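Structure file protein13.pdb; described as PDB, C-alpha atoms.
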```
ATOM      1  CA  MET A 144       4.831 -10.793  -8.696  1.00  0.00           C
ATOM      2  CA  ILE A 145       3.899  -7.839  -6.497  1.00  0.00           C
ATOM      3  CA  LEU A 146       2.082  -8.880  -3.348  1.00  0.00           C
ATOM      4  CA  SER A 147      -0.626  -6.237  -3.727  1.00  0.00           C
ATOM      5  CA  ASP A 148      -1.692  -8.082  -6.903  1.00  0.00           C
ATOM      6  CA  VAL A 149      -3.013 -10.745  -4.523  1.00  0.00           C
ATOM      7  CA  LEU A 150      -4.073  -8.753  -1.464  1.00  0.00           C
ATOM      8  CA  ARG A 151      -7.783  -7.904  -1.438  1.00  0.00           C
ATOM      9  CA  SER A 152      -8.415 -10.177  -4.415  1.00  0.00           C
ATOM     10  CA  GLU A 153     -11.704 -12.033  -4.470  1.00  0.00           C
ATOM     11  CA  VAL A 154     -11.429 -15.697  -3.461  1.00  0.00           C
ATOM     12  CA  VAL A 155     -13.661 -18.292  -5.091  1.00  0.00           C
ATOM     13  CA  ASP A 156     -13.905 -22.058  -4.724  1.00  0.00           C
ATOM     14  CA  ALA A 157     -13.569 -24.566  -7.550  1.00  0.00           C
ATOM     15  CA  ALA A 158     -17.214 -24.096  -8.470  1.00  0.00           C
ATOM     16  CA  GLY A 159     -16.831 -20.328  -8.648  1.00  0.00           C
ATOM     17  CA  HIS A 160     -18.688 -19.533  -5.413  1.00  0.00           C
ATOM     18  CA  ARG A 161     -17.414 -16.433  -3.672  1.00  0.00           C
ATOM     19  CA  LEU A 162     -15.717 -17.144  -0.330  1.00  0.00           C
ATOM     20  CA  GLY A 163     -14.380 -13.702   0.576  1.00  0.00           C
ATOM     21  CA  ARG A 164     -11.314 -11.602  -0.045  1.00  0.00           C
ATOM     22  CA  VAL A 165      -7.610 -12.004   0.627  1.00  0.00           C
ATOM     23  CA  ALA A 166      -7.089 -10.130   3.901  1.00  0.00           C
ATOM     24  CA  ASP A 167      -3.438 -11.079   4.257  1.00  0.00           C
ATOM     25  CA  VAL A 168      -0.734 -13.379   2.942  1.00  0.00           C
ATOM     26  CA  ARG A 169       1.142 -15.603   5.381  1.00  0.00           C
ATOM     27  CA  PHE A 170       4.835 -16.425   4.985  1.00  0.00           C
ATOM     28  CA  ARG A 171       6.938 -19.000   6.788  1.00  0.00           C
ATOM     29  CA  PHE A 172      10.682 -18.616   7.330  1.00  0.00           C
ATOM     30  CA  GLU A 173      12.895 -21.452   6.242  1.00  0.00           C
ATOM     31  CA  GLY A 174      16.608 -22.110   6.147  1.00  0.00           C
ATOM     32  CA  PRO A 175      19.231 -20.929   8.614  1.00  0.00           C
ATOM     33  CA  PRO A 176      18.625 -17.441  10.052  1.00  0.00           C
ATOM     34  CA  SER A 177      21.765 -16.184   8.308  1.00  0.00           C
ATOM     35  CA  ALA A 178      20.231 -17.039   4.923  1.00  0.00           C
ATOM     36  CA  SER A 179      16.548 -17.031   5.794  1.00  0.00           C
ATOM     37  CA  ARG A 180      13.932 -17.197   3.069  1.00  0.00           C
ATOM     38  CA  ALA A 181      10.295 -16.201   3.527  1.00  0.00           C
ATOM     39  CA  ARG A 182       8.136 -18.622   1.574  1.00  0.00           C
ATOM     40  CA  MET A 183       4.402 -18.116   1.026  1.00  0.00           C
ATOM     41  CA  ALA A 184       2.510 -20.478   3.319  1.00  0.00           C
ATOM     42  CA  GLY A 185      -1.007 -19.459   2.351  1.00  0.00           C
ATOM     43  CA  ILE A 186      -3.602 -16.726   2.202  1.00  0.00           C
ATOM     44  CA  ILE A 187      -5.978 -15.458   4.877  1.00  0.00           C
ATOM     45  CA  VAL A 188      -9.502 -15.302   3.497  1.00  0.00           C
ATOM     46  CA  SER A 189     -11.992 -13.009   5.188  1.00  0.00           C
ATOM     47  CA  PRO A 190     -15.624 -13.446   4.099  1.00  0.00           C
ATOM     48  CA  ARG A 191     -16.754  -9.972   5.145  1.00  0.00           C
ATOM     49  CA  THR A 192     -13.919  -7.513   4.731  1.00  0.00           C
ATOM     50  CA  SER A 193     -10.524  -7.196   3.111  1.00  0.00           C
ATOM     51  CA  ALA A 194      -9.339  -4.822   5.842  1.00  0.00           C
ATOM     52  CA  SER A 195      -6.456  -5.757   8.085  1.00  0.00           C
ATOM     53  CA  PHE A 196      -6.921  -7.677  11.350  1.00  0.00           C
ATOM     54  CA  LEU A 197      -4.748  -4.971  12.968  1.00  0.00           C
ATOM     55  CA  GLY A 198      -2.863  -7.738  14.723  1.00  0.00           C
ATOM     56  CA  TYR A 199      -5.854  -9.344  16.423  1.00  0.00           C
ATOM     57  CA  GLU A 200      -5.268 -12.576  14.534  1.00  0.00           C
ATOM     58  CA  ARG A 201      -2.468 -13.211  17.027  1.00  0.00           C
ATOM     59  CA  SER A 202      -3.289 -15.749  19.712  1.00  0.00           C
ATOM     60  CA  THR A 203      -1.503 -13.654  22.330  1.00  0.00           C
ATOM     61  CA  LEU A 204      -3.362 -10.378  21.750  1.00  0.00           C
ATOM     62  CA  ASP A 205      -6.740  -9.778  23.383  1.00  0.00           C
ATOM     63  CA  ARG A 206      -6.492  -6.268  24.873  1.00  0.00           C
ATOM     64  CA  PRO A 207      -8.167  -3.871  24.861  1.00  0.00           C
ATOM     65  CA  VAL A 208     -11.116  -6.221  25.035  1.00  0.00           C
ATOM     66  CA  ILE A 209     -13.480  -3.958  23.118  1.00  0.00           C
ATOM     67  CA  LEU A 210     -11.130  -3.760  20.112  1.00  0.00           C
ATOM     68  CA  ASP A 211     -10.394  -7.468  20.327  1.00  0.00           C
ATOM     69  CA  ARG A 212     -14.111  -8.303  20.216  1.00  0.00           C
ATOM     70  CA  LEU A 213     -14.806  -5.802  17.436  1.00  0.00           C
ATOM     71  CA  LEU A 214     -11.994  -6.987  15.155  1.00  0.00           C
ATOM     72  CA  ARG A 215     -12.771 -10.660  15.768  1.00  0.00           C
ATOM     73  CA  PHE A 216     -16.448  -9.958  15.020  1.00  0.00           C
ATOM     74  CA  VAL A 217     -15.642  -8.150  11.776  1.00  0.00           C
ATOM     75  CA  HIS A 218     -13.351 -10.976  10.699  1.00  0.00           C
ATOM     76  CA  ARG A 219     -15.525 -13.840  11.945  1.00  0.00           C
ATOM     77  CA  GLY A 220     -15.413 -16.790   9.625  1.00  0.00           C
ATOM     78  CA  SER A 221     -11.909 -15.945   8.385  1.00  0.00           C
ATOM     79  CA  PHE A 222      -9.682 -18.861   7.543  1.00  0.00           C
ATOM     80  CA  LEU A 223      -6.235 -19.757   6.260  1.00  0.00           C
ATOM     81  CA  VAL A 224      -5.850 -21.588   2.970  1.00  0.00           C
ATOM     82  CA  ASP A 225      -2.562 -23.395   2.402  1.00  0.00           C
ATOM     83  CA  TRP A 226      -0.530 -22.642  -0.700  1.00  0.00           C
ATOM     84  CA  ASP A 227      -1.142 -26.211  -1.930  1.00  0.00           C
ATOM     85  CA  ASP A 228      -4.884 -25.519  -2.016  1.00  0.00           C
ATOM     86  CA  ILE A 229      -4.538 -22.549  -4.375  1.00  0.00           C
ATOM     87  CA  HIS A 230      -5.496 -23.531  -7.908  1.00  0.00           C
ATOM     88  CA  ARG A 231      -5.092 -20.379  -9.944  1.00  0.00           C
ATOM     89  CA  PHE A 232      -4.243 -16.682  -9.715  1.00  0.00           C
ATOM     90  CA  GLU A 233      -6.167 -14.321 -11.967  1.00  0.00           C
ATOM     91  CA  ASP A 234      -6.434 -10.555 -12.123  1.00  0.00           C
ATOM     92  CA  GLY A 235      -8.315  -9.655  -8.955  1.00  0.00           C
ATOM     93  CA  ARG A 236      -9.262 -13.247  -8.189  1.00  0.00           C
ATOM     94  CA  VAL A 237      -7.809 -16.332  -6.522  1.00  0.00           C
ATOM     95  CA  ARG A 238      -9.381 -19.697  -7.284  1.00  0.00           C
ATOM     96  CA  LEU A 239      -9.014 -22.577  -4.807  1.00  0.00           C
ATOM     97  CA  ARG A 240      -8.735 -26.290  -5.515  1.00  0.00           C
ATOM     98  CA  LYS A 241     -11.649 -28.649  -5.101  1.00  0.00           C
ATOM     99  CA  GLY A 242     -11.627 -30.025  -1.559  1.00  0.00           C
ATOM    100  CA  TYR A 243      -9.525 -27.166  -0.155  1.00  0.00           C
ATOM    101  CA  GLU A 244      -9.177 -27.061   3.636  1.00  0.00           C
ATOM    102  CA  ARG A 245     -10.151 -24.166   5.877  1.00  0.00           C
ATOM    103  CA  ARG A 246      -7.476 -23.810   8.549  1.00  0.00           C
ATOM    104  CA  SER A 247      -7.366 -21.556  11.567  1.00  0.00           C
ATOM    105  CA  ALA A 248      -6.222 -18.037  10.710  1.00  0.00           C
ATOM    106  CA  THR A 249      -4.828 -17.570  14.206  1.00  0.00           C
ATOM    107  CA  LEU A 250      -1.273 -16.309  14.119  1.00  0.00           C
ATOM    108  CA  PRO A 251       0.938 -17.886  16.807  1.00  0.00           C
ATOM    109  CA  GLY A 252       2.569 -15.428  19.175  1.00  0.00           C
ATOM    110  CA  ASP A 253       6.248 -14.724  18.586  1.00  0.00           C
ATOM    111  CA  ASP A 254       7.226 -16.742  21.637  1.00  0.00           C
ATOM    112  CA  GLU A 255       5.194 -19.810  20.658  1.00  0.00           C
TER     113      GLU A 255
ATOM    114  CA  MET B 266      24.418  -6.858  15.443  1.00  0.00           C
ATOM    115  CA  THR B 267      21.284  -8.900  15.676  1.00  0.00           C
ATOM    116  CA  ASP B 268      21.286 -12.667  16.149  1.00  0.00           C
ATOM    117  CA  ARG B 269      18.418 -13.001  13.662  1.00  0.00           C
ATOM    118  CA  LYS B 270      16.244 -14.964  16.121  1.00  0.00           C
ATOM    119  CA  SER B 271      13.216 -13.187  14.686  1.00  0.00           C
ATOM    120  CA  MET B 272      13.858 -15.005  11.396  1.00  0.00           C
ATOM    121  CA  ARG B 273      14.219 -18.521  12.757  1.00  0.00           C
ATOM    122  CA  ALA B 274      12.939 -21.324  10.550  1.00  0.00           C
ATOM    123  CA  GLY B 275       9.296 -22.136  11.110  1.00  0.00           C
ATOM    124  CA  ARG B 276       8.212 -18.706  12.315  1.00  0.00           C
ATOM    125  CA  VAL B 277       5.229 -17.387  10.394  1.00  0.00           C
ATOM    126  CA  VAL B 278       4.421 -13.753   9.659  1.00  0.00           C
ATOM    127  CA  ASP B 279       1.485 -12.075   7.991  1.00  0.00           C
ATOM    128  CA  ALA B 280       2.703  -9.690   5.299  1.00  0.00           C
ATOM    129  CA  GLU B 281       0.152  -6.933   5.648  1.00  0.00           C
ATOM    130  CA  PHE B 282       0.374  -6.966   9.420  1.00  0.00           C
ATOM    131  CA  GLN B 283       4.091  -7.462  10.061  1.00  0.00           C
ATOM    132  CA  LEU B 284       5.960  -6.364   6.937  1.00  0.00           C
ATOM    133  CA  ILE B 285       4.096  -3.842   4.801  1.00  0.00           C
ATOM    134  CA  ASP B 286       4.229  -0.222   5.976  1.00  0.00           C
ATOM    135  CA  ARG B 287       6.994  -1.062   8.459  1.00  0.00           C
ATOM    136  CA  GLN B 288       9.968   1.267   8.744  1.00  0.00           C
ATOM    137  CA  VAL B 289      13.251  -0.077   7.400  1.00  0.00           C
ATOM    138  CA  ILE B 290      16.351   0.884   9.359  1.00  0.00           C
ATOM    139  CA  ASP B 291      19.957   0.328   8.395  1.00  0.00           C
ATOM    140  CA  SER B 292      22.740  -1.349  10.363  1.00  0.00           C
ATOM    141  CA  GLU B 293      23.454   1.951  12.119  1.00  0.00           C
ATOM    142  CA  GLY B 294      19.873   2.426  13.248  1.00  0.00           C
ATOM    143  CA  MET B 295      19.073   5.147  10.735  1.00  0.00           C
ATOM    144  CA  PRO B 296      15.727   5.091   8.904  1.00  0.00           C
ATOM    145  CA  VAL B 297      15.992   4.138   5.220  1.00  0.00           C
ATOM    146  CA  VAL B 298      12.517   3.791   3.735  1.00  0.00           C
ATOM    147  CA  ALA B 299       9.141   2.268   4.578  1.00  0.00           C
ATOM    148  CA  VAL B 300       8.018  -1.026   3.052  1.00  0.00           C
ATOM    149  CA  ASP B 301       5.275  -0.191   0.566  1.00  0.00           C
ATOM    150  CA  ASP B 302       4.987  -3.618  -1.013  1.00  0.00           C
ATOM    151  CA  LEU B 303       6.772  -6.936  -1.441  1.00  0.00           C
ATOM    152  CA  GLU B 304       8.086  -8.524  -4.591  1.00  0.00           C
ATOM    153  CA  VAL B 305       7.806 -12.303  -4.548  1.00  0.00           C
ATOM    154  CA  SER B 306       9.115 -14.798  -7.072  1.00  0.00           C
ATOM    155  CA  ASP B 307       6.863 -15.223 -10.075  1.00  0.00           C
ATOM    156  CA  VAL B 308       4.006 -17.682 -10.127  1.00  0.00           C
ATOM    157  CA  PRO B 309       1.967 -18.690 -13.182  1.00  0.00           C
ATOM    158  CA  TRP B 310      -0.794 -16.141 -13.768  1.00  0.00           C
ATOM    159  CA  ASN B 311      -4.162 -16.835 -15.417  1.00  0.00           C
ATOM    160  CA  THR B 312      -3.206 -20.459 -15.682  1.00  0.00           C
ATOM    161  CA  ASP B 313      -3.749 -23.455 -13.395  1.00  0.00           C
ATOM    162  CA  LEU B 314      -1.035 -24.207 -10.857  1.00  0.00           C
ATOM    163  CA  PRO B 315       0.047 -27.835 -11.221  1.00  0.00           C
ATOM    164  CA  PRO B 316      -0.134 -29.740  -7.911  1.00  0.00           C
ATOM    165  CA  GLY B 317       3.189 -29.533  -6.128  1.00  0.00           C
ATOM    166  CA  THR B 318       4.087 -26.115  -7.536  1.00  0.00           C
ATOM    167  CA  GLU B 319       6.707 -24.566  -5.292  1.00  0.00           C
ATOM    168  CA  ALA B 320       5.411 -21.622  -3.274  1.00  0.00           C
ATOM    169  CA  PRO B 321       6.954 -18.244  -4.082  1.00  0.00           C
ATOM    170  CA  ILE B 322       9.472 -16.560  -1.795  1.00  0.00           C
ATOM    171  CA  VAL B 323       9.953 -12.902  -0.959  1.00  0.00           C
ATOM    172  CA  GLU B 324      12.676 -11.472  -3.186  1.00  0.00           C
ATOM    173  CA  ASN B 325      12.627  -7.741  -2.507  1.00  0.00           C
ATOM    174  CA  LEU B 326      11.187  -5.094  -0.236  1.00  0.00           C
ATOM    175  CA  LEU B 327       9.638  -2.392  -2.396  1.00  0.00           C
ATOM    176  CA  SER B 328       9.350   1.282  -1.698  1.00  0.00           C
ATOM    177  CA  GLY B 329       7.779   3.779  -4.042  1.00  0.00           C
ATOM    178  CA  PRO B 330       5.168   6.453  -4.677  1.00  0.00           C
ATOM    179  CA  VAL B 331       2.103   4.520  -3.528  1.00  0.00           C
ATOM    180  CA  LEU B 332      -0.061   7.238  -1.987  1.00  0.00           C
ATOM    181  CA  GLY B 333      -1.984   7.904  -5.181  1.00  0.00           C
ATOM    182  CA  THR B 334      -2.357   4.257  -6.121  1.00  0.00           C
ATOM    183  CA  ARG B 335      -3.636   3.337  -2.671  1.00  0.00           C
ATOM    184  CA  ILE B 336      -6.372   5.952  -3.007  1.00  0.00           C
ATOM    185  CA  PHE B 337      -7.232   5.555  -6.670  1.00  0.00           C
ATOM    186  CA  GLY B 338      -6.111   1.984  -7.368  1.00  0.00           C
ATOM    187  CA  GLY B 339      -3.511   0.543  -9.689  1.00  0.00           C
ATOM    188  CA  ARG B 340       0.164   0.464  -8.845  1.00  0.00           C
ATOM    189  CA  PRO B 341       3.258   2.536  -9.624  1.00  0.00           C
ATOM    190  CA  PRO B 342       5.153   1.664 -12.808  1.00  0.00           C
ATOM    191  CA  GLU B 343       7.898  -0.923 -12.462  1.00  0.00           C
ATOM    192  CA  SER B 344      10.632   1.689 -12.892  1.00  0.00           C
ATOM    193  CA  ARG B 345       9.463   3.740  -9.896  1.00  0.00           C
ATOM    194  CA  TRP B 346       9.984   0.981  -7.325  1.00  0.00           C
ATOM    195  CA  GLN B 347      13.072   1.079  -5.185  1.00  0.00           C
ATOM    196  CA  ARG B 348      14.142  -2.418  -4.237  1.00  0.00           C
ATOM    197  CA  ILE B 349      15.996  -3.821  -1.243  1.00  0.00           C
ATOM    198  CA  ALA B 350      16.883  -7.504  -1.571  1.00  0.00           C
ATOM    199  CA  TRP B 351      15.378  -9.733   1.127  1.00  0.00           C
ATOM    200  CA  LYS B 352      18.815 -11.194   1.914  1.00  0.00           C
ATOM    201  CA  HIS B 353      19.757  -7.877   3.542  1.00  0.00           C
ATOM    202  CA  VAL B 354      16.985  -8.160   6.151  1.00  0.00           C
ATOM    203  CA  VAL B 355      18.412  -9.402   9.438  1.00  0.00           C
ATOM    204  CA  ASP B 356      15.651  -8.673  11.947  1.00  0.00           C
ATOM    205  CA  ILE B 357      11.892  -8.254  11.891  1.00  0.00           C
ATOM    206  CA  GLY B 358      10.361  -6.471  14.824  1.00  0.00           C
ATOM    207  CA  THR B 359       8.582  -3.152  15.056  1.00  0.00           C
ATOM    208  CA  ALA B 360      10.938  -2.224  12.197  1.00  0.00           C
ATOM    209  CA  LEU B 361      12.865  -4.228   9.631  1.00  0.00           C
ATOM    210  CA  THR B 362      16.620  -4.051  10.167  1.00  0.00           C
ATOM    211  CA  LEU B 363      19.161  -4.283   7.337  1.00  0.00           C
ATOM    212  CA  ASP B 364      22.693  -5.667   7.461  1.00  0.00           C
ATOM    213  CA  ALA B 365      24.432  -2.620   5.958  1.00  0.00           C
ATOM    214  CA  PRO B 366      24.403   1.203   6.070  1.00  0.00           C
ATOM    215  CA  ALA B 367      21.730   3.053   4.061  1.00  0.00           C
ATOM    216  CA  LYS B 368      24.257   4.465   1.588  1.00  0.00           C
ATOM    217  CA  GLU B 369      24.818   0.968   0.205  1.00  0.00           C
ATOM    218  CA  PHE B 370      21.223   0.782  -1.023  1.00  0.00           C
ATOM    219  CA  ASP B 371      19.626   2.645  -3.883  1.00  0.00           C
ATOM    220  CA  ALA B 372      16.479   3.159  -1.819  1.00  0.00           C
ATOM    221  CA  GLY B 373      16.499   6.598  -0.253  1.00  0.00           C
ATOM    222  CA  TRP B 374      18.982   8.040  -2.756  1.00  0.00           C
ATOM    223  CA  THR B 375      16.738  11.055  -3.434  1.00  0.00           C
ATOM    224  CA  GLU B 376      16.885  12.060   0.213  1.00  0.00           C
ATOM    225  CA  ARG B 377      20.668  11.732   0.223  1.00  0.00           C
ATOM    226  CA  TRP B 378      20.938  13.713  -3.050  1.00  0.00           C
ATOM    227  CA  VAL B 379      18.831  16.564  -1.653  1.00  0.00           C
ATOM    228  CA  ARG B 380      20.918  16.531   1.540  1.00  0.00           C
ATOM    229  CA  ASP B 381      24.218  16.729  -0.343  1.00  0.00           C
ATOM    230  CA  HIS B 382      23.239  19.054  -3.202  1.00  0.00           C
ATOM    231  CA  VAL B 383      20.559  21.320  -1.751  1.00  0.00           C
ATOM    232  CA  VAL B 384      20.518  21.389   2.047  1.00  0.00           C
ATOM    233  CA  GLY B 385      24.303  21.048   2.183  1.00  0.00           C
ATOM    234  CA  LYS B 386      24.724  24.236   0.107  1.00  0.00           C
ATOM    235  CA  ILE B 387      22.748  26.325   2.570  1.00  0.00           C
ATOM    236  CA  PRO B 388      25.005  28.049   5.114  1.00  0.00           C
ATOM    237  CA  GLY B 389      24.803  26.008   8.291  1.00  0.00           C
ATOM    238  CA  GLY B 390      23.257  23.104   6.437  1.00  0.00           C
ATOM    239  CA  ARG B 391      26.071  20.692   7.224  1.00  0.00           C
ATOM    240  CA  HIS B 392      25.994  20.713  11.011  1.00  0.00           C
ATOM    241  CA  ASP B 393      23.597  20.566  13.950  1.00  0.00           C
ATOM    242  CA  PRO B 394      22.105  23.849  15.223  1.00  0.00           C
ATOM    243  CA  GLU B 395      24.375  25.534  17.750  1.00  0.00           C
TER     244      GLU B 395
END
```

Represent the structure contained in this file as structure tokens.
Amino acid sequence: MILSDVLRSEVVDAAGHRLGRVADVRFRFEGPPSASRARMAGIIVSPRTSASFLGYERSTLDRPVILDRLLRFVHRGSFLVDWDDIHRFEDGRVRLRKGYERRSATLPGDDE
Amino acid sequence: MTDRKSMRAGRVVDAEFQLIDRQVIDSEGMPVVAVDDLEVSDVPWNTDLPPGTEAPIVENLLSGPVLGTRIFGGRPPESRWQRIAWKHVVDIGTALTLDAPAKEFDAGWTERWVRDHVVGKIPGGRHDPE
């Protein structure tokens, strides 16, 4: 699968209600660093735009303030959905499981 | 040689933000390609994912002619992608660092071919300006 098949796809809940678009896909490293694998941890759903956060999803980035406020405003309401809560991939659409959880989309800083 | 701390278990990265469009450099610090997309292991498509389905992993960095497809949509044909296996990535920072020299990867072969067969034939094309 090519990742761009998922990026910017529409996200709907189990009832078919539109929740937003896939703004990014989060991966988590596992295994020893010498044989590290990057496994999909979930998708970032943005209700208003599929554009990138430009890095302002990081907890450690808040300067310049005007950009920080603007990007956080544009992406307000964004959330992370765990891989386990994804029910189905379709062309241009991702369907979530009933009872999916909205998690914080904040990306921990590299030193956290 | 990097100690691969940037790839420690548990670290999370966002693909669009930290991987896609990043420069890839080889073990000697020379630029190879840019990451245009990622190839992840296959997941069932247009069918329900059974609970407990294992999440896909990144298999390859992809580089290819994406300018047109980013403007007009779609994606390049499968045969046009140049792939670099994920296992060769040893560091993720402002660039992605590989564990071997560029010549060991197919990606970037066109640039090397032009260097050897075109630029190299031009008088003075094989050394720095004097």

Near chain A, meaning an atom within 8 Å, which residues of chain B appear when counting all atoms listed in the file? Write them as a PyMOL selection string. chain B and resi 269-270+272-282+302-318+320-323+351-352+355

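For the pair CA of Ser247 (chain A) and CA of His218 (chain A), the interatomic distance is 12.2 Å.
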
What is the CA of Arg348 (chain B) to CA of Ser328 (chain B) distance in Å? 6.6 Å

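Interatomic distance, CA of Trp374 (chain B) against CA of Val297 (chain B): 9.4 Å.
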
Run the PyMOL selection byres ((chain B and resi 357-366) around 7) on the file and write out the hits as a PyMOL selection string. chain B and resi 271+287-293+353-356+367-369

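If only C-alpha atoms are the atoms counted, then among A:Arg151, A:Arg191, A:Arg164, A:Arg246 the closest residue to Phe216 (chain A) is A:Arg191.
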
Evaluating the PyMOL selection byres ((chain A and resi 154) around 9) on the displayed file yields which residues, as a PyMOL selection string? chain A and resi 151-153+155-156+159-165+188+190+235-239

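Candidate residues A:Ser189, A:Ala157, A:Val217, A:Phe222 were compared for distance to Gly242 (chain A), and the nearest is A:Ala157, using all atoms listed in the file.
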
Fewer than 5 positions away in the same chain doesn't count, so skip those; otherwise give me all residues within 8 Å of region 344-347 of chain B, counting only C-alpha atoms, as a VMD selection string. chain B and resid 327 to 330 371 to 372

Take the residues from that selection and put them in a file with C-alpha atoms, as a short mmCIF file (atom, residue, chain, number, x, y, z; two decimals), in the frame of the given file.
```
data_model
loop_
_atom_site.label_atom_id
_atom_site.label_comp_id
_atom_site.auth_asym_id
_atom_site.auth_seq_id
_atom_site.Cartn_x
_atom_site.Cartn_y
_atom_site.Cartn_z
CA LEU B 327 9.64 -2.39 -2.40
CA SER B 328 9.35 1.28 -1.70
CA GLY B 329 7.78 3.78 -4.04
CA PRO B 330 5.17 6.45 -4.68
CA ASP B 371 19.63 2.64 -3.88
CA ALA B 372 16.48 3.16 -1.82
#
```

Could region 299-311 of chain B be written out with N, CA, C and O atoms, as a compact mmCIF listing (two decimals), in the first residue's frame, please?
```txt
# COMPACT_ATOMS: atom_id res chain seq x y z
N ALA B 299 14.91 12.46 -2.63
CA ALA B 299 13.97 12.94 -1.61
C ALA B 299 12.88 11.89 -1.47
O ALA B 299 12.59 11.16 -2.40
N VAL B 300 12.31 11.81 -0.28
CA VAL B 300 11.23 10.84 -0.04
C VAL B 300 9.93 11.42 -0.60
O VAL B 300 9.44 12.44 -0.12
N ASP B 301 9.39 10.80 -1.62
CA ASP B 301 8.15 11.27 -2.22
C ASP B 301 6.93 10.55 -1.65
O ASP B 301 5.82 11.07 -1.67
N ASP B 302 7.14 9.34 -1.16
CA ASP B 302 6.02 8.60 -0.59
C ASP B 302 6.59 7.43 0.21
O ASP B 302 7.80 7.21 0.20
N LEU B 303 5.73 6.71 0.88
CA LEU B 303 6.16 5.54 1.65
C LEU B 303 5.34 4.34 1.20
O LEU B 303 4.14 4.46 0.93
N GLU B 304 6.00 3.21 1.13
CA GLU B 304 5.30 1.97 0.82
C GLU B 304 5.18 1.18 2.12
O GLU B 304 6.20 0.90 2.76
N VAL B 305 3.97 0.89 2.52
CA VAL B 305 3.77 0.12 3.75
C VAL B 305 3.21 -1.25 3.39
O VAL B 305 2.66 -1.45 2.30
N SER B 306 3.35 -2.19 4.31
CA SER B 306 2.87 -3.55 4.03
C SER B 306 1.36 -3.51 3.76
O SER B 306 0.64 -2.67 4.29
N ASP B 307 0.92 -4.43 2.94
CA ASP B 307 -0.47 -4.39 2.47
C ASP B 307 -1.47 -4.63 3.60
O ASP B 307 -1.23 -5.40 4.52
N VAL B 308 -2.58 -3.92 3.49
CA VAL B 308 -3.71 -4.15 4.39
C VAL B 308 -4.92 -4.45 3.51
O VAL B 308 -4.96 -4.05 2.36
N PRO B 309 -5.89 -5.18 4.05
CA PRO B 309 -7.09 -5.46 3.25
C PRO B 309 -7.75 -4.16 2.80
O PRO B 309 -7.86 -3.22 3.59
N TRP B 310 -8.17 -4.12 1.55
CA TRP B 310 -8.75 -2.90 0.97
C TRP B 310 -10.19 -3.19 0.57
O TRP B 310 -10.48 -4.26 0.02
N ASN B 311 -11.08 -2.25 0.84
CA ASN B 311 -12.51 -2.42 0.52
C ASN B 311 -13.11 -3.62 1.21
O ASN B 311 -14.07 -4.22 0.71
```
